[in-house]
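Trainee: Next comes the structure file coords_29.cif, holding mmCIF, C-alpha atoms.
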data_protein
#
loop_
_atom_site.group_PDB
_atom_site.id
_atom_site.type_symbol
_atom_site.label_atom_id
_atom_site.label_comp_id
_atom_site.auth_asym_id
_atom_site.auth_seq_id
_atom_site.Cartn_x
_atom_site.Cartn_y
_atom_site.Cartn_z
ATOM 1 C CA MET A 1 -36.842 25.090 -2.033
ATOM 2 C CA ALA A 2 -37.340 23.797 1.534
ATOM 3 C CA SER A 3 -37.590 20.187 0.351
ATOM 4 C CA TYR A 4 -34.448 20.645 -1.755
ATOM 5 C CA ASN A 5 -32.517 21.977 1.254
ATOM 6 C CA ILE A 6 -33.623 19.001 3.341
ATOM 7 C CA PHE A 7 -32.478 16.635 0.589
ATOM 8 C CA LEU A 8 -29.132 18.429 0.363
ATOM 9 C CA LEU A 9 -28.547 18.182 4.109
ATOM 10 C CA VAL A 10 -29.389 14.468 4.106
ATOM 11 C CA PHE A 11 -27.108 13.921 1.110
ATOM 12 C CA ILE A 12 -24.184 15.657 2.806
ATOM 13 C CA ALA A 13 -24.824 13.841 6.081
ATOM 14 C CA ALA A 14 -24.598 10.529 4.242
ATOM 15 C CA GLY A 15 -21.019 11.419 3.384
ATOM 16 C CA ALA A 16 -21.518 11.664 -0.366
ATOM 17 C CA PHE A 17 -19.425 14.078 -2.367
ATOM 18 C CA LEU A 18 -20.003 15.513 -5.822
ATOM 19 C CA GLU A 19 -17.204 16.466 -8.164
ATOM 20 C CA ALA A 20 -17.576 19.528 -10.361
ATOM 21 C CA ASN A 21 -18.860 17.320 -13.169
ATOM 22 C CA GLY A 22 -21.672 16.061 -10.960
ATOM 23 C CA LYS A 23 -20.298 12.537 -10.557
ATOM 24 C CA LEU A 24 -20.141 10.820 -7.184
ATOM 25 C CA SER A 25 -16.663 10.697 -5.723
ATOM 26 C CA LEU A 26 -14.919 9.799 -2.470
ATOM 27 C CA SER A 27 -14.970 11.813 0.752
ATOM 28 C CA PRO A 28 -13.143 11.613 4.101
ATOM 29 C CA THR A 29 -16.530 12.073 5.829
ATOM 30 C CA HIS A 30 -18.306 9.246 4.009
ATOM 31 C CA TYR A 31 -19.098 7.306 7.199
ATOM 32 C CA SER A 32 -19.641 10.267 9.538
ATOM 33 C CA SER A 33 -23.336 9.485 9.987
ATOM 34 C CA THR A 34 -23.678 5.887 8.800
ATOM 35 C CA CYS A 35 -20.829 4.472 10.914
ATOM 36 C CA PRO A 36 -19.356 7.250 13.070
ATOM 37 C CA ASN A 37 -16.970 4.944 14.947
ATOM 38 C CA ALA A 38 -15.584 3.279 11.811
ATOM 39 C CA LEU A 39 -12.258 5.110 11.789
ATOM 40 C CA SER A 40 -11.573 4.516 15.483
ATOM 41 C CA ILE A 41 -12.468 0.820 15.163
ATOM 42 C CA VAL A 42 -10.008 0.396 12.303
ATOM 43 C CA ARG A 43 -7.284 2.418 14.018
ATOM 44 C CA GLU A 44 -7.530 0.589 17.349
ATOM 45 C CA THR A 45 -7.461 -2.826 15.681
ATOM 46 C CA VAL A 46 -4.475 -1.878 13.523
ATOM 47 C CA ILE A 47 -2.545 -0.629 16.539
ATOM 48 C CA GLU A 48 -3.320 -3.824 18.430
ATOM 49 C CA ALA A 49 -2.102 -5.912 15.484
ATOM 50 C CA ILE A 50 1.141 -3.920 15.154
ATOM 51 C CA ASN A 51 1.773 -4.200 18.878
ATOM 52 C CA ASN A 52 1.437 -7.965 18.513
ATOM 53 C CA GLU A 53 3.776 -8.019 15.492
ATOM 54 C CA THR A 54 5.498 -4.842 14.354
ATOM 55 C CA ARG A 55 5.948 -6.188 10.821
ATOM 56 C CA MET A 56 2.176 -6.125 10.371
ATOM 57 C CA GLY A 57 2.214 -2.383 9.712
ATOM 58 C CA ALA A 58 4.251 -2.848 6.550
ATOM 59 C CA SER A 59 2.092 -5.813 5.552
ATOM 60 C CA LEU A 60 -1.126 -3.806 5.777
ATOM 61 C CA LEU A 61 0.417 -0.944 3.794
ATOM 62 C CA ARG A 62 1.511 -3.410 1.126
ATOM 63 C CA LEU A 63 -1.966 -4.938 0.886
ATOM 64 C CA HIS A 64 -3.363 -1.541 -0.081
ATOM 65 C CA PHE A 65 -0.638 -1.045 -2.725
ATOM 66 C CA HIS A 66 -1.143 -4.458 -4.283
ATOM 67 C CA ASP A 67 -4.897 -3.989 -4.267
ATOM 68 C CA CYS A 68 -4.897 -0.594 -5.968
ATOM 69 C CA PHE A 69 -2.466 -1.644 -8.711
ATOM 70 C CA VAL A 70 -4.880 -4.314 -9.982
ATOM 71 C CA ASN A 71 -8.046 -2.779 -11.447
ATOM 72 C CA GLY A 72 -8.157 -0.088 -8.800
ATOM 73 C CA CYS A 73 -8.704 0.025 -5.034
ATOM 74 C CA ASP A 74 -11.565 -2.463 -4.827
ATOM 75 C CA ALA A 75 -10.412 -5.117 -2.314
ATOM 76 C CA SER A 76 -10.107 -7.711 -5.078
ATOM 77 C CA ILE A 77 -6.866 -8.889 -3.450
ATOM 78 C CA LEU A 78 -8.841 -10.170 -0.467
ATOM 79 C CA LEU A 79 -11.025 -12.608 -2.426
ATOM 80 C CA ASP A 80 -10.314 -16.313 -1.976
ATOM 81 C CA ASP A 81 -10.363 -18.661 -4.952
ATOM 82 C CA THR A 82 -13.730 -20.242 -5.739
ATOM 83 C CA SER A 83 -15.151 -22.301 -8.572
ATOM 84 C CA SER A 84 -15.994 -19.055 -10.373
ATOM 85 C CA ILE A 85 -13.239 -16.703 -9.161
ATOM 86 C CA VAL A 86 -9.511 -17.026 -9.770
ATOM 87 C CA GLY A 87 -8.211 -14.872 -6.951
ATOM 88 C CA GLU A 88 -5.097 -12.691 -6.801
ATOM 89 C CA LYS A 89 -3.565 -14.180 -3.656
ATOM 90 C CA MET A 90 -1.705 -16.835 -5.638
ATOM 91 C CA ALA A 91 -0.372 -14.415 -8.257
ATOM 92 C CA GLY A 92 3.430 -14.292 -8.459
ATOM 93 C CA PRO A 93 3.878 -10.975 -6.590
ATOM 94 C CA ASN A 94 1.445 -12.074 -3.849
ATOM 95 C CA ASN A 95 1.971 -15.791 -3.291
ATOM 96 C CA ASN A 96 3.774 -16.495 0.004
ATOM 97 C CA SER A 97 4.250 -12.761 0.242
ATOM 98 C CA VAL A 98 1.177 -10.615 0.977
ATOM 99 C CA ARG A 99 -0.195 -11.055 4.460
ATOM 100 C CA GLY A 100 -2.440 -9.399 7.005
ATOM 101 C CA PHE A 101 -5.683 -11.011 5.869
ATOM 102 C CA GLU A 102 -6.584 -12.102 9.414
ATOM 103 C CA VAL A 103 -6.233 -8.525 10.652
ATOM 104 C CA VAL A 104 -8.599 -7.352 7.918
ATOM 105 C CA ASP A 105 -11.024 -10.121 8.937
ATOM 106 C CA ASP A 106 -10.878 -8.897 12.531
ATOM 107 C CA ILE A 107 -11.528 -5.286 11.528
ATOM 108 C CA LYS A 108 -14.406 -6.316 9.296
ATOM 109 C CA ALA A 109 -16.041 -8.439 12.017
ATOM 110 C CA LYS A 110 -15.955 -5.499 14.433
ATOM 111 C CA LEU A 111 -17.364 -3.121 11.830
ATOM 112 C CA GLU A 112 -20.143 -5.532 10.896
ATOM 113 C CA LYS A 113 -21.111 -5.699 14.549
ATOM 114 C CA ALA A 114 -21.098 -1.900 14.880
ATOM 115 C CA CYS A 115 -22.768 -1.038 11.565
ATOM 116 C CA PRO A 116 -23.684 -4.045 9.400
ATOM 117 C CA GLY A 117 -23.202 -3.777 5.656
ATOM 118 C CA VAL A 118 -21.828 -0.237 5.699
ATOM 119 C CA VAL A 119 -18.017 -0.112 5.587
ATOM 120 C CA SER A 120 -16.367 -1.658 2.538
ATOM 121 C CA CYS A 121 -13.329 -3.895 2.580
ATOM 122 C CA ALA A 122 -11.628 -1.543 0.110
ATOM 123 C CA ASP A 123 -11.983 1.322 2.590
ATOM 124 C CA ILE A 124 -10.669 -0.907 5.378
ATOM 125 C CA LEU A 125 -7.475 -1.435 3.343
ATOM 126 C CA ALA A 126 -7.081 2.303 2.742
ATOM 127 C CA LEU A 127 -7.604 3.151 6.406
ATOM 128 C CA ALA A 128 -5.382 0.337 7.684
ATOM 129 C CA ALA A 129 -2.537 1.490 5.424
ATOM 130 C CA HIS A 130 -2.859 5.041 6.732
ATOM 131 C CA ASP A 131 -3.056 4.012 10.367
ATOM 132 C CA SER A 132 -0.046 1.713 9.999
ATOM 133 C CA VAL A 133 2.116 4.481 8.546
ATOM 134 C CA VAL A 134 1.077 6.977 11.207
ATOM 135 C CA TYR A 135 1.584 4.553 14.105
ATOM 136 C CA LEU A 136 5.082 3.717 12.881
ATOM 137 C CA GLY A 137 6.050 7.401 12.811
ATOM 138 C CA GLY A 138 5.076 8.407 9.291
ATOM 139 C CA PRO A 139 2.875 11.174 7.883
ATOM 140 C CA SER A 140 -0.886 11.451 8.104
ATOM 141 C CA TRP A 141 -3.324 12.351 5.334
ATOM 142 C CA LYS A 142 -7.079 12.588 4.882
ATOM 143 C CA VAL A 143 -8.235 9.190 3.649
ATOM 144 C CA SER A 144 -10.944 9.533 1.051
ATOM 145 C CA LEU A 145 -13.715 6.982 1.639
ATOM 146 C CA GLY A 146 -16.745 5.574 -0.115
ATOM 147 C CA ARG A 147 -15.111 2.839 -2.209
ATOM 148 C CA ARG A 148 -17.128 -0.289 -2.802
ATOM 149 C CA ASP A 149 -15.892 -3.835 -3.207
ATOM 150 C CA SER A 150 -15.408 -5.770 -6.419
ATOM 151 C CA THR A 151 -17.283 -8.964 -7.147
ATOM 152 C CA THR A 152 -14.377 -10.499 -9.034
ATOM 153 C CA ALA A 153 -10.567 -10.625 -9.138
ATOM 154 C CA ASN A 154 -7.906 -10.720 -11.862
ATOM 155 C CA ARG A 155 -4.823 -12.865 -11.307
ATOM 156 C CA THR A 156 -3.477 -12.090 -14.777
ATOM 157 C CA ASP A 157 -3.474 -8.373 -14.073
ATOM 158 C CA ALA A 158 -1.873 -8.974 -10.681
ATOM 159 C CA ASN A 159 0.976 -10.755 -12.442
ATOM 160 C CA THR A 160 1.213 -7.917 -14.967
ATOM 161 C CA PHE A 161 0.798 -4.648 -13.112
ATOM 162 C CA ILE A 162 2.261 -5.092 -9.623
ATOM 163 C CA PRO A 163 5.870 -3.834 -9.822
ATOM 164 C CA SER A 164 8.545 -6.501 -9.629
ATOM 165 C CA PRO A 165 11.471 -6.271 -7.152
ATOM 166 C CA ALA A 166 13.684 -6.972 -10.166
ATOM 167 C CA ALA A 167 12.227 -4.141 -12.268
ATOM 168 C CA ASN A 168 14.453 -1.510 -13.845
ATOM 169 C CA LEU A 169 13.618 2.183 -13.734
ATOM 170 C CA SER A 170 11.801 2.262 -17.074
ATOM 171 C CA GLY A 171 9.673 -0.681 -15.996
ATOM 172 C CA LEU A 172 8.781 1.016 -12.730
ATOM 173 C CA ILE A 173 7.857 4.210 -14.548
ATOM 174 C CA ALA A 174 5.583 2.206 -16.850
ATOM 175 C CA ASN A 175 3.954 0.382 -13.913
ATOM 176 C CA PHE A 176 3.135 3.641 -12.152
ATOM 177 C CA SER A 177 2.191 5.553 -15.279
ATOM 178 C CA VAL A 178 -0.473 3.044 -16.280
ATOM 179 C CA GLN A 179 -2.087 3.710 -12.900
ATOM 180 C CA GLY A 180 -2.068 7.453 -13.500
ATOM 181 C CA LEU A 181 0.753 7.979 -11.009
ATOM 182 C CA SER A 182 3.571 10.420 -11.730
ATOM 183 C CA PHE A 183 7.334 9.984 -11.596
ATOM 184 C CA ARG A 184 7.382 11.901 -8.306
ATOM 185 C CA ASN A 185 4.689 9.569 -6.977
ATOM 186 C CA LEU A 186 6.879 6.602 -7.939
ATOM 187 C CA VAL A 187 9.921 7.835 -6.050
ATOM 188 C CA ALA A 188 7.946 9.000 -3.010
ATOM 189 C CA LEU A 189 5.749 5.907 -2.694
ATOM 190 C CA SER A 190 8.776 3.635 -3.040
ATOM 191 C CA GLY A 191 9.729 5.055 0.339
ATOM 192 C CA SER A 192 7.204 2.621 1.818
ATOM 193 C CA HIS A 193 10.168 0.227 1.784
ATOM 194 C CA THR A 194 11.485 2.081 4.810
ATOM 195 C CA ILE A 195 9.526 -0.488 6.846
ATOM 196 C CA GLY A 196 9.001 -4.221 6.593
ATOM 197 C CA LEU A 197 10.876 -7.341 5.603
ATOM 198 C CA ALA A 198 11.753 -8.960 2.280
ATOM 199 C CA ARG A 199 12.126 -12.623 1.372
ATOM 200 C CA CYS A 200 15.483 -13.927 0.158
ATOM 201 C CA THR A 201 14.010 -14.814 -3.211
ATOM 202 C CA THR A 202 13.238 -11.127 -3.867
ATOM 203 C CA PHE A 203 16.791 -9.866 -3.337
ATOM 204 C CA ARG A 204 19.022 -12.861 -4.148
ATOM 205 C CA SER A 205 19.751 -11.750 -7.697
ATOM 206 C CA ARG A 206 20.659 -8.259 -6.492
ATOM 207 C CA ILE A 207 23.218 -9.297 -3.885
ATOM 208 C CA TYR A 208 24.936 -11.811 -6.162
ATOM 209 C CA ASN A 209 24.698 -10.080 -9.546
ATOM 210 C CA ASP A 210 24.243 -6.317 -9.228
ATOM 211 C CA THR A 211 27.170 -3.933 -9.572
ATOM 212 C CA ILE A 212 25.602 -0.844 -7.965
ATOM 213 C CA ILE A 213 25.743 -2.273 -4.455
ATOM 214 C CA ASP A 214 27.915 -1.736 -1.405
ATOM 215 C CA ALA A 215 30.121 -4.803 -0.995
ATOM 216 C CA SER A 216 29.851 -5.106 2.781
ATOM 217 C CA PHE A 217 26.084 -4.658 2.569
ATOM 218 C CA ALA A 218 25.866 -7.425 -0.039
ATOM 219 C CA ASN A 219 27.998 -9.738 2.079
ATOM 220 C CA SER A 220 25.830 -9.181 5.148
ATOM 221 C CA LEU A 221 22.762 -10.206 3.165
ATOM 222 C CA LYS A 222 24.496 -13.239 1.666
ATOM 223 C CA ARG A 223 24.732 -14.666 5.169
ATOM 224 C CA ARG A 224 20.928 -14.612 5.307
ATOM 225 C CA CYS A 225 20.364 -15.544 1.680
ATOM 226 C CA PRO A 226 22.546 -18.262 0.090
ATOM 227 C CA VAL A 227 22.921 -18.761 -3.653
ATOM 228 C CA SER A 228 20.204 -21.400 -3.519
ATOM 229 C CA GLY A 229 17.672 -22.498 -0.949
ATOM 230 C CA ASN A 230 16.194 -20.708 2.061
ATOM 231 C CA ASP A 231 13.961 -18.671 -0.234
ATOM 232 C CA ASN A 232 11.766 -17.563 2.647
ATOM 233 C CA ASN A 233 14.564 -16.229 4.859
ATOM 234 C CA LEU A 234 13.730 -12.644 5.785
ATOM 235 C CA ALA A 235 15.784 -9.467 5.994
ATOM 236 C CA PRO A 236 14.705 -5.883 6.825
ATOM 237 C CA LEU A 237 14.202 -3.605 3.832
ATOM 238 C CA ASP A 238 15.870 -0.901 5.943
ATOM 239 C CA LEU A 239 18.561 -2.502 8.089
ATOM 240 C CA GLN A 240 18.788 0.500 10.424
ATOM 241 C CA THR A 241 15.185 1.343 11.368
ATOM 242 C CA PRO A 242 12.933 -1.376 9.881
ATOM 243 C CA THR A 243 10.042 -0.567 12.220
ATOM 244 C CA LEU A 244 10.221 3.228 11.941
ATOM 245 C CA PHE A 245 8.723 5.098 9.009
ATOM 246 C CA ASP A 246 11.466 7.584 8.104
ATOM 247 C CA ASN A 247 13.662 8.723 5.223
ATOM 248 C CA LEU A 248 16.591 6.352 5.859
ATOM 249 C CA TYR A 249 15.414 4.360 2.832
ATOM 250 C CA TYR A 250 16.717 7.183 0.638
ATOM 251 C CA LYS A 251 19.918 7.611 2.627
ATOM 252 C CA ASN A 252 20.556 3.902 2.077
ATOM 253 C CA LEU A 253 20.167 4.378 -1.676
ATOM 254 C CA LEU A 254 22.836 7.087 -1.630
ATOM 255 C CA GLU A 255 25.196 4.509 -0.106
ATOM 256 C CA LYS A 256 24.269 1.805 -2.653
ATOM 257 C CA LYS A 257 22.413 -0.106 0.051
ATOM 258 C CA GLY A 258 19.031 -0.380 -1.615
ATOM 259 C CA HIS A 259 17.641 -3.744 -0.587
ATOM 260 C CA LEU A 260 15.867 -4.618 -3.826
ATOM 261 C CA HIS A 261 17.113 -4.094 -7.359
ATOM 262 C CA SER A 262 14.033 -1.937 -7.973
ATOM 263 C CA ASP A 263 14.973 0.210 -4.964
ATOM 264 C CA GLN A 264 18.508 0.949 -6.147
ATOM 265 C CA GLU A 265 17.224 1.708 -9.644
ATOM 266 C CA LEU A 266 15.920 4.968 -8.180
ATOM 267 C CA TYR A 267 19.508 6.057 -7.574
ATOM 268 C CA SER A 268 21.500 4.673 -10.441
ATOM 269 C CA GLY A 269 22.433 7.646 -12.568
ATOM 270 C CA ALA A 270 19.091 8.892 -13.901
ATOM 271 C CA PRO A 271 19.193 12.632 -13.096
ATOM 272 C CA ALA A 272 15.474 13.120 -12.329
ATOM 273 C CA ALA A 273 15.325 10.122 -9.991
ATOM 274 C CA ASP A 274 18.664 10.929 -8.374
ATOM 275 C CA PHE A 275 17.454 14.469 -7.663
ATOM 276 C CA LEU A 276 14.356 13.276 -5.802
ATOM 277 C CA VAL A 277 16.240 10.613 -3.850
ATOM 278 C CA GLU A 278 18.782 13.208 -2.730
ATOM 279 C CA LYS A 279 15.983 15.615 -1.845
ATOM 280 C CA TYR A 280 14.120 13.090 0.311
ATOM 281 C CA ALA A 281 17.352 11.876 1.934
ATOM 282 C CA ALA A 282 18.108 15.434 3.006
ATOM 283 C CA ASP A 283 14.569 16.517 3.891
ATOM 284 C CA ASN A 284 12.308 14.121 5.789
ATOM 285 C CA ASP A 285 9.442 16.622 5.714
ATOM 286 C CA ALA A 286 9.583 16.806 1.909
ATOM 287 C CA PHE A 287 9.424 13.009 1.741
ATOM 288 C CA PHE A 288 6.482 12.848 4.130
ATOM 289 C CA LYS A 289 4.584 15.519 2.206
ATOM 290 C CA ASP A 290 5.063 13.833 -1.164
ATOM 291 C CA PHE A 291 4.363 10.371 0.263
ATOM 292 C CA ALA A 292 1.052 11.568 1.706
ATOM 293 C CA ARG A 293 0.096 13.178 -1.611
ATOM 294 C CA GLY A 294 1.004 9.981 -3.422
ATOM 295 C CA MET A 295 -1.106 7.849 -1.082
ATOM 296 C CA ILE A 296 -4.126 10.092 -1.619
ATOM 297 C CA LYS A 297 -3.695 9.828 -5.380
ATOM 298 C CA MET A 298 -3.105 6.073 -5.337
ATOM 299 C CA GLY A 299 -6.172 5.573 -3.142
ATOM 300 C CA ARG A 300 -8.278 7.146 -5.880
ATOM 301 C CA ILE A 301 -7.301 4.688 -8.617
ATOM 302 C CA LYS A 302 -10.495 3.522 -10.302
ATOM 303 C CA PRO A 303 -12.711 3.183 -7.209
ATOM 304 C CA LEU A 304 -16.095 1.534 -7.421
ATOM 305 C CA ILE A 305 -18.601 4.090 -6.104
ATOM 306 C CA GLY A 306 -22.312 4.651 -5.819
ATOM 307 C CA SER A 307 -24.136 1.502 -6.898
ATOM 308 C CA GLU A 308 -21.045 -0.131 -8.429
ATOM 309 C CA GLY A 309 -19.789 -3.336 -6.859
ATOM 310 C CA GLU A 310 -21.010 -4.145 -3.365
ATOM 311 C CA VAL A 311 -20.115 -3.870 0.308
ATOM 312 C CA ARG A 312 -18.981 -7.362 1.251
ATOM 313 C CA THR A 313 -20.001 -8.728 4.630
ATOM 314 C CA ASN A 314 -17.007 -11.079 4.501
ATOM 315 C CA CYS A 315 -13.953 -9.610 2.788
ATOM 316 C CA ARG A 316 -12.843 -13.023 1.514
ATOM 317 C CA LYS A 317 -15.928 -13.709 -0.596
ATOM 318 C CA VAL A 318 -18.649 -11.944 -2.533
ATOM 319 C CA ASN A 319 -22.075 -11.618 -0.940
#
Can you give me the file's structure in the form of structure tokens?
Mentor:
Amino acid sequence: MASYNIFLLVFIAAGAFLEANGKLSLSPTHYSSTCPNALSIVRETVIEAINNETRMGASLLRLHFHDCFVNGCDASILLDDTSSIVGEKMAGPNNNSVRGFEVVDDIKAKLEKACPGVVSCADILALAAHDSVVYLGGPSWKVSLGRRDSTTANRTDANTFIPSPAANLSGLIANFSVQGLSFRNLVALSGSHTIGLARCTTFRSRIYNDTIIDASFANSLKRRCPVSGNDNNLAPLDLQTPTLFDNLYYKNLLEKKGHLHSDQELYSGAPAADFLVEKYAADNDAFFKDFARGMIKMGRIKPLIGSEGEVRTNCRKVN
């Protein structure tokens, strides 16, 4: 019995966590003994990056989203192309769009110096997303940790499963459902578009072709985004508070000022979606609570745990 108790204490100290079915799972305390400063290292580096460029907070949040929607939260999005790996960075939803890789490199280098080979790139993405949201005024949640990193990537799945800015509501529901995310998760997590910038090419069709759009809002965006050309011109997803994580995203939808077609689809006459948009627009706390719950659930999409995958020493390539 004594030897069993010693084993149990060591097992808990290592940050492992057992589900009721006996399978290893994720735990917020995963690195409490193996890399006790991991969370502070990530947080401090994220804050420094956002202070250098406020947009970086939204970029780091988006990296976590785009990672988890392709074969789970396994840092596959960070892998560069090689002779044997077709990476996800050049997939349609990511090419000239996802960013923040240098910040992840910086975090990883500091963690490797503090505790070599311990903290995974997938966990870095989850922590960086959390810290970005919190620093920009959003909710906090307990980030489950213990993910391991993939040894491959899937560009085809990136092109298939990452939601398109031109998606309609049924398409968005399908994208989230295949990940095990609910309708409420869809509407709440879409609120991540309360921060960050969008490229002209992602909203051009909306401002020139959509009917559910405020005319003056459309005209203001047309000055940034002509009918053709200037694809990389940027505009805030939330024109009012693009660097503050708040519920104005939903208030904008009520006024037909959703930046992307996929945004406005959440408030376009579907009663269940309209109800949630109105709820979050009226109650910032309700939005924050559901967003945090959604992030916890999304962060648990098909993680590699235990002996699966690896812990990369360089997030851009397999060991």
Trainee: Mind pulling up the distance from CA of Leu248 (chain A) to CA of Asp274 (chain A)?
Mentor: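 Rounded to one decimal, the two atoms are 15.1 Å apart.
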Trainee: Residues picked by the PyMOL selection byres ((chain A and resi 154-165) around 9) here, as a PyMOL selection string?
Mentor: chain A and resi 65-67+69-71+76-77+85-94+152-153+166-168+171-172+175-176+178-179+202-203+260-263
Trainee: Could you check which of A:Asp231, A:Asp123, A:Asp214, A:Asp149 is closest to Asn96 (chain A), using only C-alpha atoms?
Mentor: A:Asp231
Trainee: Can I get the residues of region 271-298 of chain A within 12 Å of region 190-194 of chain A, each with the closest pair of atoms and their distance in Å to one decimal, using all atoms listed in the file, sorted chain first then ascending number, as a Markdown table?
Mentor:
| residue | atom | partner | partner_atom | distance |
| --- | --- | --- | --- | --- |
| A:Ala273 | CA | A:Ser190 | CA | 11.5 |
| A:Leu276 | CA | A:Gly191 | CA | 11.3 |
| A:Val277 | CA | A:Gly191 | CA | 9.5 |
| A:Tyr280 | CA | A:Gly191 | CA | 9.2 |
| A:Ala281 | CA | A:Gly191 | CA | 10.4 |
| A:Asn284 | CA | A:Gly191 | CA | 10.9 |
| A:Ala286 | CA | A:Gly191 | CA | 11.9 |
| A:Phe287 | CA | A:Gly191 | CA | 8.1 |
| A:Phe288 | CA | A:Gly191 | CA | 9.3 |
| A:Lys289 | CA | A:Gly191 | CA | 11.8 |
| A:Asp290 | CA | A:Gly191 | CA | 10.1 |
| A:Phe291 | CA | A:Gly191 | CA | 7.6 |
| A:Ala292 | CA | A:Ser192 | CA | 10.9 |
| A:Gly294 | CA | A:Ser190 | CA | 10.0 |
| A:Met295 | CA | A:Ser192 | CA | 10.2 |
Trainee: Between CA of Lys256 (chain A) and CA of Ala218 (chain A), what is the distance, to one decimal in Å?
Mentor: 9.7 Å
Trainee: Taking the file above as input, evaluate the PyMOL selection byres ((chain A and resi 305) around 8) and report the hits as a ChimeraX atom specification.
Mentor: /A:24-26,146-148,303-304,306-309
Trainee: Rounded to one decimal place, report the CA of Thr313 (chain A)-CA of Ile47 (chain A) distance in Å.
Mentor: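 Atom-to-atom, CA of Thr313 (chain A) and CA of Ile47 (chain A) are spaced 22.6 Å apart.
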Trainee: What are the centre and edge lengths in Å, to one decimal, of the axis-aligned box around all listed atoms of region 266-275 of chain A with 6 Å added on each side, as AutoDock Vina command-line options?
Mentor:
--center_x 18.9 --center_y 9.6 --center_z -10.7 --size_x 19.1 --size_y 21.8 --size_z 18.3
Trainee: Please evaluate the PyMOL selection byres ((chain A and resi 317) around 9) against the displayed coordinates and give the resulting residues as a list in words.
Mentor: Leu78, Leu79, Asp80, Asp81, Thr82, Thr151, Arg312, Thr313, Asn314, Cys315, Arg316, Val318 and Asn319 of chain A
Trainee: Next, dump the selected residues to file, keeping only C-alpha atoms, as a compact mmCIF listing (two decimals), in the frame of the given file.
Mentor:
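That gives us result.txt:
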# COMPACT_ATOMS: atom_id res chain seq x y z
CA LEU A 78 -8.84 -10.17 -0.47
CA LEU A 79 -11.02 -12.61 -2.43
CA ASP A 80 -10.31 -16.31 -1.98
CA ASP A 81 -10.36 -18.66 -4.95
CA THR A 82 -13.73 -20.24 -5.74
CA THR A 151 -17.28 -8.96 -7.15
CA ARG A 312 -18.98 -7.36 1.25
CA THR A 313 -20.00 -8.73 4.63
CA ASN A 314 -17.01 -11.08 4.50
CA CYS A 315 -13.95 -9.61 2.79
CA ARG A 316 -12.84 -13.02 1.51
CA VAL A 318 -18.65 -11.94 -2.53
CA ASN A 319 -22.08 -11.62 -0.94
Trainee: Which residues come within 8 Å of Ala38 (chain A), counting all atoms listed in the file, excluding same-chain residues fewer than 3 positions away, as a ChimeraX atom specification?
Mentor: /A:31,35,41-42,111,119
Trainee: Take region 78-87 of chain A, model N, CA, C and O atoms, and hand the result over as a PDB file, in the coordinates of the input.
Mentor:
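As a result, rebuild_18.pdb now contains:
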ATOM      1  N   LEU A  78      -8.395  -9.432  -1.646  1.00  0.00           N
ATOM      2  CA  LEU A  78      -8.841 -10.170  -0.467  1.00  0.00           C
ATOM      3  C   LEU A  78      -9.683 -11.398  -0.808  1.00  0.00           C
ATOM      4  O   LEU A  78      -9.918 -12.240   0.065  1.00  0.00           O
ATOM      5  N   LEU A  79     -10.132 -11.513  -2.047  1.00  0.00           N
ATOM      6  CA  LEU A  79     -11.025 -12.608  -2.426  1.00  0.00           C
ATOM      7  C   LEU A  79     -10.285 -13.945  -2.511  1.00  0.00           C
ATOM      8  O   LEU A  79      -9.247 -14.052  -3.142  1.00  0.00           O
ATOM      9  N   ASP A  80     -10.842 -14.956  -1.861  1.00  0.00           N
ATOM     10  CA  ASP A  80     -10.314 -16.313  -1.976  1.00  0.00           C
ATOM     11  C   ASP A  80     -10.735 -16.922  -3.302  1.00  0.00           C
ATOM     12  O   ASP A  80     -11.723 -16.504  -3.918  1.00  0.00           O
ATOM     13  N   ASP A  81      -9.989 -17.921  -3.746  1.00  0.00           N
ATOM     14  CA  ASP A  81     -10.363 -18.661  -4.952  1.00  0.00           C
ATOM     15  C   ASP A  81     -11.682 -19.408  -4.721  1.00  0.00           C
ATOM     16  O   ASP A  81     -11.928 -19.939  -3.632  1.00  0.00           O
ATOM     17  N   THR A  82     -12.507 -19.434  -5.758  1.00  0.00           N
ATOM     18  CA  THR A  82     -13.730 -20.242  -5.739  1.00  0.00           C
ATOM     19  C   THR A  82     -13.857 -20.920  -7.091  1.00  0.00           C
ATOM     20  O   THR A  82     -12.996 -20.757  -7.962  1.00  0.00           O
ATOM     21  N   SER A  83     -14.929 -21.637  -7.281  1.00  0.00           N
ATOM     22  CA  SER A  83     -15.151 -22.301  -8.572  1.00  0.00           C
ATOM     23  C   SER A  83     -15.342 -21.298  -9.689  1.00  0.00           C
ATOM     24  O   SER A  83     -15.104 -21.600 -10.859  1.00  0.00           O
ATOM     25  N   SER A  84     -15.737 -20.066  -9.345  1.00  0.00           N
ATOM     26  CA  SER A  84     -15.994 -19.055 -10.373  1.00  0.00           C
ATOM     27  C   SER A  84     -15.029 -17.874 -10.319  1.00  0.00           C
ATOM     28  O   SER A  84     -15.066 -17.012 -11.193  1.00  0.00           O
ATOM     29  N   ILE A  85     -14.174 -17.820  -9.297  1.00  0.00           N
ATOM     30  CA  ILE A  85     -13.239 -16.703  -9.161  1.00  0.00           C
ATOM     31  C   ILE A  85     -11.815 -17.227  -9.013  1.00  0.00           C
ATOM     32  O   ILE A  85     -11.528 -18.043  -8.144  1.00  0.00           O
ATOM     33  N   VAL A  86     -10.944 -16.759  -9.899  1.00  0.00           N
ATOM     34  CA  VAL A  86      -9.511 -17.026  -9.770  1.00  0.00           C
ATOM     35  C   VAL A  86      -8.918 -15.823  -9.047  1.00  0.00           C
ATOM     36  O   VAL A  86      -8.748 -14.758  -9.629  1.00  0.00           O
ATOM     37  N   GLY A  87      -8.625 -15.989  -7.771  1.00  0.00           N
ATOM     38  CA  GLY A  87      -8.211 -14.872  -6.951  1.00  0.00           C
ATOM     39  C   GLY A  87      -6.796 -14.402  -7.240  1.00  0.00           C
ATOM     40  O   GLY A  87      -6.042 -15.014  -8.005  1.00  0.00           O
TER      41      GLY A  87
END
